[in-house]
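input16.csv, holding CSV, C-alpha atoms:
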chain,number,residue,atom,x,y,z
A,1,MET,CA,16.2,57.1,218.1
A,2,SER,CA,18.6,55.0,220.1
A,3,HIS,CA,16.3,52.3,221.1
A,4,GLY,CA,13.8,50.1,219.3
A,5,HIS,CA,11.9,48.3,222.1
A,6,HIS,CA,8.7,46.9,220.6
A,7,ILE,CA,5.6,47.3,222.7
A,8,ILE,CA,3.3,44.4,222.1
A,9,PRO,CA,-0.2,45.9,221.8
A,10,MET,CA,-2.7,45.2,224.5
A,11,LYS,CA,-5.2,43.9,221.9
A,12,VAL,CA,-2.8,41.2,220.8
A,13,LEU,CA,-2.1,40.0,224.4
A,14,ILE,CA,-5.9,39.8,225.1
A,15,LYS,CA,-6.6,37.9,221.9
A,16,THR,CA,-3.7,35.5,222.7
A,17,ILE,CA,-5.1,34.6,226.2
A,18,VAL,CA,-8.6,34.1,224.8
A,19,ALA,CA,-7.3,31.7,222.2
A,20,LEU,CA,-5.2,29.9,224.8
A,21,VAL,CA,-8.1,29.4,227.2
A,22,ILE,CA,-10.4,28.2,224.3
A,23,LEU,CA,-7.7,25.7,223.2
A,24,THR,CA,-7.3,24.4,226.8
A,25,GLY,CA,-11.1,23.7,226.6
A,26,VAL,CA,-10.7,21.9,223.3
A,27,THR,CA,-7.8,19.8,224.7
A,28,VAL,CA,-10.0,18.7,227.6
A,29,VAL,CA,-13.1,18.0,225.5
A,30,ALA,CA,-11.0,16.1,222.9
A,31,ALA,CA,-9.7,13.8,225.7
A,32,LEU,CA,-13.1,13.0,227.1
A,33,ASP,CA,-14.0,9.3,227.0
A,34,VAL,CA,-17.0,9.9,224.7
A,35,VAL,CA,-14.8,11.6,222.1
A,36,THR,CA,-11.8,9.3,222.3
A,37,ALA,CA,-14.1,6.3,221.9
A,38,THR,CA,-15.3,7.7,218.5
A,39,ILE,CA,-11.9,9.0,217.3
A,40,GLY,CA,-10.0,5.9,218.0
A,41,SER,CA,-6.7,4.7,219.1
A,42,HIS,CA,-4.5,5.8,222.0
A,43,ALA,CA,-1.7,6.9,219.6
A,44,ILE,CA,-4.1,9.2,217.7
A,45,ASN,CA,-5.3,10.8,220.9
A,46,THR,CA,-1.8,11.4,222.0
A,47,LEU,CA,-1.0,13.0,218.7
A,48,ILE,CA,-4.1,15.2,218.8
A,49,ALA,CA,-3.2,16.4,222.4
A,50,ILE,CA,0.4,17.2,221.3
A,51,LEU,CA,-0.8,19.0,218.2
A,52,ILE,CA,-3.2,21.3,220.2
A,53,ALA,CA,-0.4,21.8,222.8
A,54,SER,CA,1.9,22.8,220.0
A,55,VAL,CA,-0.5,25.5,218.7
A,56,LYS,CA,-0.7,26.8,222.3
A,57,ALA,CA,3.0,26.8,222.6
A,58,TYR,CA,3.3,28.7,219.3
A,59,LEU,CA,0.9,31.4,220.7
A,60,VAL,CA,2.9,31.8,223.9
A,61,ALA,CA,6.3,31.9,222.2
A,62,ALA,CA,5.1,34.2,219.4
A,63,TYR,CA,3.1,36.7,221.4
A,64,PHE,CA,3.8,36.5,225.1
A,65,MET,CA,7.5,35.9,224.6
A,66,GLY,CA,7.4,38.3,221.7
A,67,LEU,CA,9.3,36.2,219.2
A,68,LYS,CA,7.0,37.5,216.4
A,69,TYR,CA,8.5,40.9,216.9
A,70,ASP,CA,12.0,39.9,218.0
A,71,SER,CA,15.4,39.0,216.6
A,72,ARG,CA,15.3,35.8,214.5
A,73,THR,CA,18.3,34.5,216.5
A,74,HIS,CA,16.1,33.9,219.5
A,75,THR,CA,13.6,31.9,217.4
A,76,LEU,CA,16.6,29.9,216.1
A,77,VAL,CA,17.8,29.2,219.7
A,78,LEU,CA,14.3,27.9,220.6
A,79,ILE,CA,13.8,25.8,217.5
A,80,SER,CA,17.3,24.3,217.6
A,81,SER,CA,16.9,23.2,221.3
A,82,VAL,CA,13.6,21.6,220.5
A,83,GLY,CA,15.2,20.0,217.4
A,84,PHE,CA,17.9,18.4,219.5
A,85,VAL,CA,15.2,17.0,221.9
A,86,ILE,CA,13.4,15.4,218.9
A,87,LEU,CA,16.8,14.1,217.7
A,88,LEU,CA,17.3,12.4,221.1
A,89,TYR,CA,13.8,10.9,220.9
A,90,LEU,CA,14.4,9.6,217.3
A,91,PHE,CA,17.7,7.9,218.1
A,92,SER,CA,16.5,6.4,221.4
A,93,ALA,CA,13.3,5.2,219.6
A,94,ILE,CA,15.4,3.4,216.9
A,95,ASP,CA,17.2,1.6,219.7
A,96,ILE,CA,14.3,0.8,221.9
A,97,PHE,CA,11.8,-0.3,219.2
A,98,SER,CA,14.3,-2.4,217.3
A,99,ARG,CA,15.3,-4.6,220.1
A,100,THR,CA,14.5,-8.3,220.0
A,101,PRO,CA,11.9,-9.2,222.7
A,102,ILE,CA,13.2,-11.4,225.5
A,103,GLU,CA,10.5,-14.1,224.8
A,104,SER,CA,11.6,-14.3,221.1
A,105,THR,CA,13.0,-17.7,219.9
A,106,LEU,CA,15.4,-16.0,217.4
B,1,MET,CA,23.8,64.5,225.0
B,2,SER,CA,25.1,61.3,223.5
B,3,THR,CA,23.6,58.0,224.4
B,4,ASP,CA,26.9,56.7,225.9
B,5,ASN,CA,26.5,58.0,229.4
B,6,THR,CA,22.7,58.2,229.7
B,7,VAL,CA,21.4,57.4,233.1
B,8,THR,CA,17.8,56.5,232.8
B,9,ALA,CA,15.0,57.9,235.0
B,10,GLY,CA,15.2,54.8,237.2
B,11,GLY,CA,18.9,55.4,237.8
B,12,HIS,CA,20.2,52.6,235.6
B,13,LYS,CA,23.4,53.2,233.7
B,14,HIS,CA,24.4,50.6,231.1
B,15,ALA,CA,27.7,48.8,231.6
B,16,HIS,CA,30.7,50.4,229.9
B,17,HIS,CA,31.4,47.6,227.5
B,18,PHE,CA,28.0,48.1,225.8
B,19,ARG,CA,27.4,50.8,223.1
B,20,ASP,CA,24.2,51.9,224.7
B,21,GLY,CA,21.2,50.7,226.7
B,22,LEU,CA,19.7,48.8,223.8
B,23,HIS,CA,22.9,46.9,223.1
B,24,GLU,CA,23.0,45.9,226.8
B,25,PHE,CA,19.3,44.8,226.6
B,26,GLU,CA,19.8,42.7,223.5
B,27,ALA,CA,22.9,41.0,224.9
B,28,SER,CA,21.1,40.2,228.2
B,29,LYS,CA,18.1,38.9,226.4
B,30,PHE,CA,20.2,36.6,224.1
B,31,GLY,CA,21.8,35.2,227.3
B,32,VAL,CA,18.4,34.5,228.7
B,33,TRP,CA,17.3,32.7,225.5
B,34,LEU,CA,20.5,30.5,225.6
B,35,PHE,CA,19.6,29.6,229.2
B,36,LEU,CA,16.1,28.7,228.2
B,37,ALA,CA,17.6,26.4,225.5
B,38,THR,CA,19.4,24.5,228.3
B,39,GLU,CA,16.1,24.3,230.3
B,40,ILE,CA,14.3,22.8,227.2
B,41,LEU,CA,17.1,20.2,226.9
B,42,MET,CA,16.8,19.4,230.6
B,43,PHE,CA,13.0,18.9,230.5
B,44,GLY,CA,13.4,17.3,227.0
B,45,GLY,CA,15.2,14.3,228.5
B,46,LEU,CA,12.2,13.6,230.7
B,47,PHE,CA,9.8,14.1,227.9
B,48,VAL,CA,11.7,11.7,225.7
B,49,GLY,CA,11.7,9.0,228.4
B,50,TYR,CA,8.0,9.6,228.9
B,51,PHE,CA,7.1,9.1,225.3
B,52,LEU,CA,9.3,6.1,224.8
B,53,TYR,CA,7.8,4.3,227.8
B,54,GLN,CA,4.3,5.5,227.1
B,55,SER,CA,4.3,3.8,223.7
B,56,ARG,CA,5.8,0.7,225.3
B,57,TYR,CA,3.2,0.4,228.2
B,58,PRO,CA,0.1,2.4,227.0
B,59,GLU,CA,-2.3,0.6,229.4
B,60,MET,CA,-0.1,1.3,232.4
B,61,PHE,CA,0.1,5.0,231.6
B,62,VAL,CA,-3.7,5.1,231.2
B,63,GLU,CA,-4.1,3.5,234.6
B,64,GLY,CA,-1.6,6.0,236.1
B,65,ALA,CA,-3.4,9.0,234.6
B,66,SER,CA,-6.7,7.7,236.1
B,67,PHE,CA,-5.4,8.7,239.5
B,68,LEU,CA,-5.1,12.3,238.3
B,69,ASP,CA,-8.0,14.7,238.4
B,70,TRP,CA,-8.3,16.6,235.1
B,71,ARG,CA,-10.2,19.4,236.9
B,72,TYR,CA,-7.2,20.3,239.1
B,73,GLY,CA,-5.0,20.1,236.0
B,74,SER,CA,-7.3,22.3,233.9
B,75,VAL,CA,-7.6,24.9,236.7
B,76,ASN,CA,-3.8,25.0,237.0
B,77,THR,CA,-3.5,25.4,233.3
B,78,ILE,CA,-5.8,28.4,233.2
B,79,VAL,CA,-4.1,29.9,236.3
B,80,LEU,CA,-0.6,29.6,234.7
B,81,LEU,CA,-1.9,31.0,231.3
B,82,ILE,CA,-3.4,34.0,233.2
B,83,SER,CA,-0.1,34.5,235.1
B,84,SER,CA,1.7,34.5,231.7
B,85,LEU,CA,-0.7,37.2,230.4
B,86,THR,CA,-0.2,39.4,233.5
B,87,MET,CA,3.6,38.9,233.2
B,88,ALA,CA,3.4,40.2,229.6
B,89,LEU,CA,1.2,43.0,230.8
B,90,SER,CA,3.7,44.1,233.5
B,91,ILE,CA,6.3,44.5,230.7
B,92,HIS,CA,3.8,46.3,228.5
B,93,TYR,CA,3.1,48.8,231.3
B,94,ALA,CA,6.8,49.2,232.2
B,95,GLN,CA,7.4,50.1,228.6
B,96,LYS,CA,4.6,52.7,228.9
B,97,ASN,CA,6.1,54.1,232.1
B,98,ASN,CA,3.0,53.1,234.1
B,99,LYS,CA,4.6,51.9,237.3
B,100,LYS,CA,1.4,51.2,239.2
B,101,ALA,CA,-0.1,49.0,236.5
B,102,CYS,CA,3.3,47.2,236.1
B,103,VAL,CA,3.4,46.4,239.9
B,104,THR,CA,-0.3,45.4,240.0
B,105,ASN,CA,0.3,42.9,237.2
B,106,LEU,CA,3.4,41.5,238.9
B,107,VAL,CA,1.4,41.0,242.1
B,108,ILE,CA,-1.4,39.1,240.1
B,109,THR,CA,1.3,36.9,238.5
B,110,LEU,CA,2.7,36.1,242.0
B,111,VAL,CA,-0.8,35.3,243.3
B,112,CYS,CA,-1.5,33.0,240.3
B,113,ALA,CA,1.9,31.2,240.9
B,114,GLY,CA,1.0,30.7,244.5
B,115,ALA,CA,-2.4,29.3,243.6
B,116,PHE,CA,-0.7,26.9,241.2
B,117,MET,CA,1.5,25.6,244.1
B,118,VAL,CA,-1.4,25.3,246.5
B,119,ILE,CA,-3.3,23.1,244.0
B,120,LYS,CA,-0.1,21.1,243.4
B,121,TYR,CA,0.2,20.6,247.1
B,122,LEU,CA,-3.4,19.3,247.3
B,123,GLU,CA,-2.7,16.9,244.5
B,124,TYR,CA,0.6,15.6,245.9
B,125,SER,CA,-0.8,15.1,249.4
B,126,HIS,CA,-3.7,13.1,247.9
B,127,LYS,CA,-1.3,10.8,246.1
B,128,PHE,CA,1.0,10.4,249.1
B,129,HIS,CA,-2.1,9.4,251.1
B,130,LEU,CA,-2.9,6.6,248.6
B,131,GLY,CA,0.8,5.4,248.7
B,132,LEU,CA,1.3,6.5,245.1
B,133,PHE,CA,5.0,7.4,245.5
B,134,PRO,CA,7.6,7.3,242.8
B,135,GLY,CA,9.8,4.2,242.1
B,136,GLU,CA,10.7,2.0,245.1
B,137,ALA,CA,8.7,4.0,247.6
B,138,PHE,CA,5.5,3.0,245.7
B,139,SER,CA,3.1,1.3,248.1
B,140,TYR,CA,-0.3,1.3,246.5
B,141,ALA,CA,-1.7,-2.2,246.8
B,142,ASP,CA,-4.4,-2.3,244.2
B,143,ALA,CA,-2.4,-1.5,241.1
B,144,VAL,CA,-3.4,-3.6,238.0
B,145,ALA,CA,-0.2,-2.9,236.0
B,146,PRO,CA,2.9,-4.4,237.7
B,147,ASN,CA,5.0,-1.4,236.7
B,148,LEU,CA,2.6,1.3,237.7
B,149,ALA,CA,5.3,2.8,239.9
B,150,MET,CA,7.0,3.9,236.7
B,151,TYR,CA,4.1,6.3,235.8
B,152,PHE,CA,4.5,8.0,239.2
B,153,SER,CA,8.3,8.3,238.8
B,154,PHE,CA,7.6,10.2,235.6
B,155,TYR,CA,4.7,12.1,237.2
B,156,PHE,CA,6.7,13.3,240.2
B,157,LEU,CA,9.9,14.0,238.3
B,158,MET,CA,8.2,16.0,235.6
B,159,THR,CA,5.8,17.9,237.8
B,160,GLY,CA,8.4,18.2,240.6
B,161,LEU,CA,11.0,19.7,238.3
B,162,HIS,CA,8.3,22.0,236.9
B,163,GLY,CA,7.0,22.9,240.3
B,164,SER,CA,10.5,23.8,241.5
B,165,HIS,CA,10.7,26.1,238.5
B,166,VAL,CA,7.5,27.8,239.6
B,167,LEU,CA,9.0,28.3,243.0
B,168,ILE,CA,12.2,29.8,241.6
B,169,GLY,CA,10.0,31.9,239.2
B,170,MET,CA,8.1,33.2,242.3
B,171,GLY,CA,11.4,34.2,243.9
B,172,LEU,CA,12.4,36.0,240.7
B,173,ILE,CA,9.0,37.7,240.4
B,174,ILE,CA,9.4,39.0,244.0
B,175,TRP,CA,12.8,40.4,243.0
B,176,VAL,CA,11.5,42.3,240.0
B,177,LEU,CA,8.4,43.3,241.9
B,178,ILE,CA,10.5,45.0,244.6
B,179,ARG,CA,12.6,46.7,241.9
B,180,ALA,CA,9.5,47.8,240.0
B,181,SER,CA,7.9,49.3,243.1
B,182,LYS,CA,11.1,51.3,243.7
B,183,GLY,CA,10.5,52.8,240.2
B,184,GLU,CA,13.6,51.3,238.7
B,185,PHE,CA,11.9,50.2,235.5
B,186,ASN,CA,10.7,52.4,232.6
B,187,SER,CA,10.5,52.5,228.9
B,188,GLU,CA,14.3,52.9,228.7
B,189,TYR,CA,15.3,50.1,231.1
B,190,TYR,CA,13.4,47.0,232.1
B,191,THR,CA,15.9,44.3,231.2
B,192,PRO,CA,15.4,42.2,234.4
B,193,LEU,CA,11.7,42.3,233.9
B,194,GLU,CA,12.1,41.0,230.3
B,195,GLY,CA,14.4,38.2,231.4
B,196,VAL,CA,12.2,37.0,234.3
B,197,GLY,CA,9.2,37.3,231.9
B,198,LEU,CA,10.8,35.0,229.4
B,199,PHE,CA,11.7,32.5,232.1
B,200,TRP,CA,8.1,32.6,233.4
B,201,HIS,CA,6.6,32.0,229.9
B,202,LEU,CA,8.9,29.0,229.5
B,203,VAL,CA,7.5,27.6,232.7
B,204,ASP,CA,4.0,28.1,231.2
B,205,LEU,CA,5.1,26.5,227.9
B,206,ILE,CA,6.3,23.4,229.7
B,207,TRP,CA,3.1,23.0,231.6
B,208,ILE,CA,1.1,23.3,228.3
B,209,TYR,CA,2.7,20.0,227.3
B,210,LEU,CA,2.7,18.4,230.8
B,211,PHE,CA,-1.0,18.9,231.3
B,212,PRO,CA,-2.3,16.8,228.4
B,213,ILE,CA,0.3,14.1,228.5
B,214,LEU,CA,-0.1,13.5,232.3
B,215,TYR,CA,-3.7,14.2,232.9
B,216,LEU,CA,-5.6,13.5,229.7
B,217,ILE,CA,-3.9,10.7,227.9

Could you show the structure in this file as structure tokens?
Amino acid sequence: MSHGHHIIPMKVLIKTIVALVILTGVTVVAALDVVTATIGSHAINTLIAILIASVKAYLVAAYFMGLKYDSRTHTLVLISSVGFVILLYLFSAIDIFSRTPIESTL
Amino acid sequence: MSTDNTVTAGGHKHAHHFRDGLHEFEASKFGVWLFLATEILMFGGLFVGYFLYQSRYPEMFVEGASFLDWRYGSVNTIVLLISSLTMALSIHYAQKNNKKACVTNLVITLVCAGAFMVIKYLEYSHKFHLGLFPGEAFSYADAVAPNLAMYFSFYFLMTGLHGSHVLIGMGLIIWVLIRASKGEFNSEYYTPLEGVGLFWHLVDLIWIYLFPILYLI
């Protein structure tokens, strides 16, 4: 056979959308005032929101974009671009958060 | 007959510098992925700025987010997720030579994209009405944080860049929709559909992050 197009099964696509909609609900509930008040700090809430979003992003990339069935090279392209964004954040953060405040007497 | 000169049912013949149709498909798809990497880097700059300033001025960002209605954001999230599903389904049906189902799913994708933009329009006009403009144009009088304008600079830049991608995506979907309805795509050839699909899923991926950080934090 000259071609190897993979057809993502209908069942997988349906399961993916159900999981994505449920996770959207979880994100909203986790961010409600009642819940955030019990869980705690702003930083933790941000982290929770990002974690849930990342699970959703994984589902979209793996099943809708078909990376699960695809050439590893495409996954590498995606991960390395995200990696460079994280690198940009880290180096910018080192700069921004290590500056001496203006009101400092140092 | 060798695969070299195969013309598919839809009339597509792979370019001469490719071994066969699959070779052409893989090369095109890799190109789209490289383009998506540049998109991630472009949005990435805005995300990095957002996170740096959000940890600097958390109260200001909370005040800014209070002007956003999470219900609009949630509906838009669901609408985009469904459009991503129908995009994937249109490829699924093209691969199964089901032209009608392929076209139907593309139409649903387009309708969802349109619904997203209508909701975005409602949200934007509400903010413009209050004077919540980005940067220097900010004219809302009752702001508590002195730098609240910065939140709306991030809000409009991030959602604006994303919204323009939705509009471009709609144009691309119309293009593949026309070609699909002409019967150009089938199990042997659906490369443009695959490329537009990947672009559309990326637009969805970016919104998956934009929604919680703008509306819920």

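Residue-level contact on chain B: within 6 Å of chain A, counting only C-alpha atoms, the set is Leu22, Ala37, Gly44, Val48, Ala88, Leu198, Leu205, Ile208, Tyr209 and Leu216 of chain B.
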
Review point. Can you tell me, as a ChimeraX atom specification, what residues are no more than 10 Å from Glu24 (chain B) when counting only C-alpha atoms, ignoring any on the same chain fewer than 4 positions away?
Key: /B:14-20,28-29,189,191

Practice item. Excluding Asn76 (chain B) and residues on its chain fewer than 5 positions from it, collect all residues at most 12 Å away from it, counting all atoms listed in the file, and give them as a ChimeraX atom specification. Key: /A:21,24 /B:69-71,81-83,112-123,159,163,166,204,207-208,210-212,215

Practice item. Could you jot down the CA of Tyr53 (chain B) to CA of Ala143 (chain B) separation for me, Å, one decimal place? Key: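 One can read the CA of Tyr53 (chain B) to CA of Ala143 (chain B) distance as 17.7 Å.
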
Study note, to complete from the structure: In Å and to one decimal, CA of Phe128 (chain B) is distant from CA of Ala145 (chain B) by 18.7 Å

Point to revise | d(CA of Leu89 (chain B), CA of Ser74 (chain B)) in Å | key: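 CA of Ser74 (chain B) lies at a distance of 22.6 Å from CA of Leu89 (chain B).
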
Practice item. Would you mind telling me which residue in B:Ser125, B:Ile108, B:Phe43, B:Asp142 lies nearest to Ile174 (chain B) when using all atoms listed in the file? Key: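 Using all atoms listed in the file, the shortest distance to Ile174 (chain B) belongs to B:Ile108.
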
Review point. Smallest atom-to-atom distance to Ser187 (chain B): which of B:Gln95, B:Asn147, B:Thr104, B:Ser139, using all atoms listed in the file?
Key: B:Gln95

**Study point:** Residue among B:Phe25, B:Phe61, B:Phe30, B:Phe154 lying closest to Tyr190 (chain B), counting all atoms listed in the file
**Key:** B:Phe25

Point to revise | For Leu193 (chain B): contacts at 9 Å, all atoms listed in the file, fewer than 2 positions along chain excluded, given as a PyMOL selection string | key: chain B and resi 87+90-91+94+173+176-177+180+185+190-191+195-198

Check your understanding: If we count only C-alpha atoms, what is near Ala65 (chain B) at a cut-off of 10 Å, once residues fewer than 5 positions away on the same chain are taken out, given as an NGL selection string?
Key -> :B and (59-60 or 70 or 151-152 or 155 or 213-217)

Point to revise | Polymer residues at most 12 Å from Lys182 (chain B), only C-alpha atoms, same-chain spacing of 2 or more positions, as an NGL selection string | key: :B and (9-11 or 99-100 or 102-103 or 175-180 or 184-186)
